[in-house]
$ cat final30.txt   # compact mmCIF, C-alpha atoms and all ligand atoms
# COMPACT_ATOMS: atom_id res chain seq x y z
CA MET A 204 5.69 13.67 -11.00
CA LEU A 205 5.15 10.49 -8.99
CA VAL A 206 2.67 9.11 -6.47
CA ASP A 207 3.94 7.08 -3.51
CA THR A 208 0.85 4.91 -3.02
CA HIS A 209 1.99 3.39 0.28
CA ALA A 210 4.02 5.02 3.05
CA HIS A 211 4.15 5.06 6.84
CA LEU A 212 5.61 8.53 7.41
CA ASN A 213 3.99 8.62 10.85
CA ASP A 214 6.47 5.89 11.91
CA GLU A 215 8.71 6.74 14.86
CA GLN A 216 11.76 6.35 12.61
CA PHE A 217 10.81 9.77 11.21
CA ASP A 218 10.36 11.50 14.57
CA GLU A 219 13.63 13.43 14.27
CA ASP A 220 13.24 14.75 10.72
CA ARG A 221 9.69 14.10 9.47
CA ASP A 222 9.22 17.62 8.08
CA GLN A 223 12.45 17.43 6.10
CA VAL A 224 11.62 13.99 4.71
CA ILE A 225 8.22 15.25 3.53
CA LYS A 226 9.71 18.46 2.13
CA ARG A 227 12.35 16.43 0.27
CA ALA A 228 9.62 14.28 -1.28
CA LYS A 229 7.79 17.37 -2.54
CA GLU A 230 11.00 18.94 -3.88
CA THR A 231 11.98 15.82 -5.79
CA GLY A 232 8.66 15.65 -7.61
CA ILE A 233 6.50 13.39 -5.47
CA GLU A 234 3.12 15.00 -6.10
CA THR A 235 1.02 12.81 -3.79
CA ILE A 236 1.72 10.44 -0.88
CA ILE A 237 -0.79 7.97 0.52
CA ASN A 238 -0.07 7.38 4.20
CA ILE A 239 -1.36 4.15 5.71
CA GLY A 240 -2.85 3.89 9.20
CA PHE A 241 -3.34 0.28 10.24
CA ASN A 242 -4.27 0.22 13.97
CA ARG A 243 -5.62 2.62 16.63
CA GLU A 244 -2.36 4.53 17.10
CA THR A 245 -1.32 4.82 13.45
CA ILE A 246 -4.83 5.79 12.31
CA PHE A 247 -4.62 8.78 14.67
CA THR A 248 -1.18 9.79 13.44
CA THR A 249 -2.24 9.33 9.81
CA LEU A 250 -5.16 11.72 10.41
CA GLU A 251 -2.70 14.28 11.82
CA LEU A 252 -0.47 14.02 8.74
CA ILE A 253 -3.31 14.46 6.22
CA GLU A 254 -4.54 17.53 8.12
CA GLN A 255 -1.05 19.01 8.14
CA TYR A 256 0.08 18.43 4.53
CA ASP A 257 -2.11 19.12 1.52
CA PHE A 258 -0.37 16.54 -0.72
CA ILE A 259 -0.66 13.67 1.77
CA TYR A 260 -3.83 11.55 1.67
CA GLY A 261 -4.74 8.61 3.88
CA ALA A 262 -5.84 5.00 3.83
CA ILE A 263 -7.04 3.39 7.05
CA GLY A 264 -7.76 -0.17 8.06
CA TRP A 265 -6.79 -2.90 10.48
CA HIS A 266 -3.57 -4.84 9.86
CA PRO A 267 -3.69 -8.66 10.02
CA ASN A 268 -0.82 -8.69 12.55
CA ASP A 269 -3.12 -6.87 15.02
CA ALA A 270 -6.28 -8.73 13.98
CA HIS A 271 -6.84 -10.27 17.42
CA GLU A 272 -7.08 -6.77 18.91
CA MET A 273 -9.74 -5.29 16.61
CA THR A 274 -13.10 -4.69 18.34
CA ASP A 275 -16.49 -3.95 16.76
CA ASP A 276 -16.03 -0.38 18.01
CA ASP A 277 -12.77 -0.10 16.06
CA LEU A 278 -14.49 -1.26 12.89
CA GLN A 279 -17.32 1.22 13.46
CA TRP A 280 -14.76 3.99 14.09
CA ILE A 281 -12.94 3.26 10.83
CA GLU A 282 -16.23 3.28 8.95
CA GLU A 283 -17.13 6.69 10.40
CA LEU A 284 -13.71 8.11 9.47
CA THR A 285 -14.22 7.17 5.81
CA THR A 286 -16.43 10.25 5.44
CA HIS A 287 -13.23 12.34 5.70
CA PRO A 288 -12.58 13.71 2.18
CA LYS A 289 -8.87 12.79 2.32
CA ILE A 290 -9.41 9.14 3.28
CA LEU A 291 -9.19 7.37 -0.09
CA ALA A 292 -9.14 3.65 0.73
CA ILE A 293 -9.54 0.92 3.35
CA GLY A 294 -6.16 -0.64 4.14
CA GLU A 295 -3.85 -2.08 4.67
CA ILE A 296 -5.92 -5.18 5.29
CA GLY A 297 -5.28 -8.82 4.46
CA LEU A 298 -3.41 -11.84 5.79
CA ASP A 299 0.09 -12.31 7.20
CA TYR A 300 1.06 -15.96 7.61
CA TYR A 301 4.75 -15.09 7.84
CA TRP A 302 4.65 -13.47 11.28
CA ASP A 303 1.49 -15.31 12.28
CA TYR A 304 0.88 -12.95 15.25
CA ALA A 305 -2.88 -13.50 15.16
CA PRO A 306 -4.57 -16.88 14.57
CA LYS A 307 -5.38 -17.46 10.91
CA ASP A 308 -9.14 -17.75 11.45
CA VAL A 309 -9.17 -14.41 13.29
CA GLN A 310 -7.14 -12.75 10.52
CA GLN A 311 -9.56 -14.08 7.92
CA GLU A 312 -12.63 -12.88 9.82
CA VAL A 313 -11.20 -9.38 10.32
CA PHE A 314 -10.21 -9.27 6.64
CA ARG A 315 -13.72 -10.30 5.51
CA LYS A 316 -15.45 -7.78 7.79
CA GLN A 317 -13.34 -4.95 6.37
CA ILE A 318 -14.02 -5.95 2.75
CA GLN A 319 -17.74 -5.89 3.57
CA MET A 320 -17.37 -2.47 5.16
CA ALA A 321 -15.38 -1.13 2.17
CA LYS A 322 -18.18 -2.30 -0.13
CA LYS A 323 -20.69 -0.48 2.05
CA VAL A 324 -18.76 2.82 1.96
CA LYS A 325 -17.69 2.22 -1.66
CA LEU A 326 -13.94 2.65 -1.20
CA PRO A 327 -11.15 0.58 -2.80
CA ILE A 328 -9.06 -1.70 -0.56
CA ILE A 329 -5.29 -1.97 -0.10
CA ILE A 330 -4.16 -5.55 0.37
CA HIS A 331 -1.32 -6.81 2.58
CA ASP A 332 -0.46 -10.40 1.57
CA ARG A 333 2.46 -12.16 3.17
CA ASP A 334 2.78 -15.89 2.47
CA ALA A 335 -1.01 -16.11 2.14
CA HIS A 336 -1.53 -15.91 -1.63
CA GLN A 337 -4.16 -18.61 -1.93
CA ASP A 338 -6.37 -17.52 0.93
CA ILE A 339 -6.14 -13.89 -0.20
CA CYS A 340 -7.45 -14.81 -3.65
CA SER A 341 -10.22 -17.05 -2.29
CA ILE A 342 -11.46 -14.47 0.21
CA LEU A 343 -11.39 -11.62 -2.33
CA LYS A 344 -13.50 -13.77 -4.64
CA GLU A 345 -15.90 -15.04 -1.98
CA GLU A 346 -16.51 -11.53 -0.64
CA GLY A 347 -17.06 -10.04 -4.09
CA ALA A 348 -14.18 -7.58 -3.72
CA GLY A 349 -14.27 -7.02 -7.48
CA GLU A 350 -17.12 -4.60 -6.82
CA ILE A 351 -14.66 -2.10 -5.32
CA GLY A 352 -11.22 -3.26 -6.53
CA GLY A 353 -8.06 -1.84 -5.06
CA ILE A 354 -4.32 -2.25 -4.77
CA MET A 355 -2.15 -5.33 -4.21
CA HIS A 356 0.43 -3.60 -2.00
CA SER A 357 4.11 -4.56 -2.49
CA PHE A 358 2.97 -7.50 -4.55
CA SER A 359 4.94 -10.71 -3.99
CA GLY A 360 2.78 -13.26 -5.81
CA SER A 361 3.20 -14.94 -9.18
CA VAL A 362 2.30 -13.72 -12.67
CA GLU A 363 -0.76 -16.00 -12.53
CA MET A 364 -1.95 -14.54 -9.24
CA ALA A 365 -1.42 -11.00 -10.54
CA LYS A 366 -3.70 -11.87 -13.47
CA GLU A 367 -6.37 -13.23 -11.14
CA CYS A 368 -6.24 -10.06 -9.07
CA MET A 369 -6.36 -7.80 -12.12
CA GLU A 370 -9.46 -9.64 -13.34
CA MET A 371 -11.08 -8.59 -10.05
CA GLY A 372 -10.19 -4.94 -10.69
CA PHE A 373 -6.98 -4.77 -8.69
CA TYR A 374 -3.82 -2.82 -9.49
CA ILE A 375 -0.36 -4.27 -8.85
CA SER A 376 1.92 -2.09 -6.74
CA PHE A 377 5.71 -2.49 -6.75
CA SER A 378 8.21 -1.43 -4.08
CA GLY A 379 11.90 -1.84 -3.17
CA PRO A 380 12.19 -5.60 -3.85
CA VAL A 381 11.72 -5.07 -7.62
CA THR A 382 15.12 -3.29 -7.54
CA PHE A 383 16.91 -6.11 -5.68
CA LYS A 384 19.44 -8.05 -7.74
CA ASN A 385 18.29 -11.49 -6.60
CA ALA A 386 14.54 -10.81 -6.81
CA LYS A 387 13.39 -12.61 -9.95
CA LYS A 388 9.67 -12.84 -9.28
CA PRO A 389 8.75 -9.16 -8.86
CA LYS A 390 10.73 -8.33 -12.01
CA GLU A 391 8.90 -11.04 -13.92
CA VAL A 392 5.51 -9.79 -12.66
CA ALA A 393 6.40 -6.18 -13.50
CA THR A 394 7.42 -7.20 -17.01
CA GLU A 395 4.14 -9.06 -17.55
CA THR A 396 1.74 -6.58 -15.92
CA PRO A 397 0.01 -4.24 -18.38
CA LEU A 398 1.05 -0.60 -17.99
CA ASP A 399 -2.43 0.56 -17.06
CA ARG A 400 -2.38 -1.61 -13.89
CA ILE A 401 1.05 -0.73 -12.47
CA LEU A 402 1.59 1.41 -9.35
CA VAL A 403 4.73 2.35 -7.43
CA GLU A 404 5.20 2.73 -3.68
CA THR A 405 7.88 2.82 -0.98
CA ASP A 406 6.29 1.26 2.14
CA ALA A 407 8.68 3.70 3.86
CA PRO A 408 10.44 3.34 6.30
CA PHE A 409 10.62 -0.32 5.17
CA LEU A 410 11.65 -2.15 1.95
CA THR A 411 14.27 0.38 0.86
CA PRO A 412 15.18 0.11 -2.84
CA GLU A 413 18.66 -0.10 -4.28
CA PRO A 414 21.00 1.80 -4.06
CA PHE A 415 19.95 2.52 -0.45
CA ARG A 416 18.95 -1.02 0.52
CA GLY A 417 19.51 -1.53 4.26
CA LYS A 418 18.98 2.13 5.14
CA ARG A 419 15.73 3.83 6.14
CA ASN A 420 13.30 4.25 3.23
CA GLU A 421 11.51 7.51 2.38
CA SER A 422 8.98 8.68 -0.21
CA SER A 423 11.51 10.40 -2.49
CA TYR A 424 13.05 6.95 -3.15
CA VAL A 425 9.93 5.85 -5.02
CA ARG A 426 11.82 7.18 -8.03
CA PHE A 427 14.21 4.19 -7.89
CA VAL A 428 11.24 1.82 -8.11
CA ALA A 429 9.84 3.73 -11.10
CA GLN A 430 13.28 3.71 -12.72
CA LYS A 431 13.47 -0.10 -12.45
CA ILE A 432 9.97 -0.48 -13.92
CA ALA A 433 11.05 1.79 -16.79
CA GLU A 434 14.09 -0.43 -17.44
CA LEU A 435 12.00 -3.60 -17.38
CA LYS A 436 9.44 -2.06 -19.75
CA GLU A 437 12.17 -0.50 -21.91
CA MET A 438 10.56 2.91 -21.58
CA ASP A 439 11.54 6.38 -20.34
CA ILE A 440 11.02 7.05 -16.66
CA GLU A 441 8.93 10.10 -17.64
CA GLN A 442 6.40 7.83 -19.33
CA ILE A 443 6.30 5.51 -16.30
CA GLU A 444 5.80 8.51 -14.01
CA LYS A 445 2.88 9.75 -16.08
CA ILE A 446 1.20 6.36 -16.42
CA THR A 447 1.56 5.27 -12.79
CA THR A 448 0.30 8.67 -11.60
CA GLU A 449 -2.77 8.37 -13.85
CA ASN A 450 -3.33 4.84 -12.54
CA ALA A 451 -3.15 5.98 -8.91
CA LYS A 452 -5.66 8.76 -9.58
CA ARG A 453 -8.03 6.34 -11.32
CA ILE A 454 -8.13 3.68 -8.59
CA LEU A 455 -7.93 6.04 -5.58
CA ARG A 456 -10.09 8.79 -7.12
CA PHE A 457 -8.20 11.94 -6.15
NI NI X 1 2.60 -1.01 4.81
$ encode --input "final30.txt" --output "structure tokens"
Amino acid sequence: MLVDTHAHLNDEQFDEDRDQVIKRAKETGIETIINIGFNRETIFTTLELIEQYDFIYGAIGWHPNDAHEMTDDDLQWIEELTTHPKILAIGEIGLDYYWDYAPKDVQQEVFRKQIQMAKKVKLPIIIHDRDAHQDICSILKEEGAGEIGGIMHSFSGSVEMAKECMEMGFYISFSGPVTFKNAKKPKEVATETPLDRILVETDAPFLTPEPFRGKRNESSYVRFVAQKIAELKEMDIEQIEKITTENAKRILRF
């Protein structure tokens, strides 16, 4: 049994066969999926999914790429939705300096406001960090995010950064890139991360693992990520499944 801790199954790429994709996940032993809603539209569609499927839970937040569009009403709305019993975390939130769609200062302010809100409602946070490692670490520290902890989604930082995040109560989540031949860093981080802090995810429909790299990703493929972690740790996949599932339940409290 596995948990896909990060998926976007509401994405339009699944409009033709969403039910089958979700059924396939269940049949191949994915016991829980966390679907991420990250702006007005995808928060609505995430709520629909968690109402429709008992094994899908949700995380909601405001993505840094849309940071310039978040209003105070949006933030208030997200806070109110956290009373839903199947909303387990605030996210994905963070900084994206790769696309740089929203000005950096706006991204940082929106990130800080959501950490403060997560502390208020006592939910863990799911972090999106793209080319913003240093500012992510500084803001998490300055805002006291260690009080709630959370998940470093599709972690792309160094071993040192992973350690810093773990000291603040964060878990390190791996996705497709750990299976890529040329990706040294995620393999190194996975090897060094203690078992009790490792999570697996797909980020479906994106970041498809080998052997399906280049095609659309789906939750059942989280198995290929777990398989690679098992190889790196020189363990059986069954052990990795059990440990990562326990980890997901501990941090997300379901
Ligand atoms: Ni995502």
$ residues_near_ligand --input "final30.txt" --ligand "ligand NI 1 (chain X)" --cutoff "12 Å" --atoms "only C-alpha atoms and all ligand atoms" --output "number ranges by chain"
A: 207-214, 237-242, 245, 262-268, 294-297, 299, 329-333, 354-358, 376, 378, 404-410
$ residues_around --input "final30.txt" --residues "A:Arg416" --least-positions-apart "5" --cutoff "9 Å" --atoms "all atoms listed in the file" --output "list of chain:residue names"
A:Gly379, A:Phe383, A:Leu410, A:Thr411
$ atom_distance --input "final30.txt" --atom1 "atom CA of A:Asp276" --atom2 "atom CA of A:Lys325"
19.9 Å
$ closest_residue --input "final30.txt" --among "A:Asp269, A:Asp439, A:Glu395, A:Asp338" --to "A:Tyr304" --atoms "all atoms listed in the file"
A:Asp269
$ closest_residue --input "final30.txt" --among "A:Glu230, A:Val309, A:Pro412, A:Thr248" --to "A:Glu215" --atoms "all atoms listed in the file"
A:Thr248
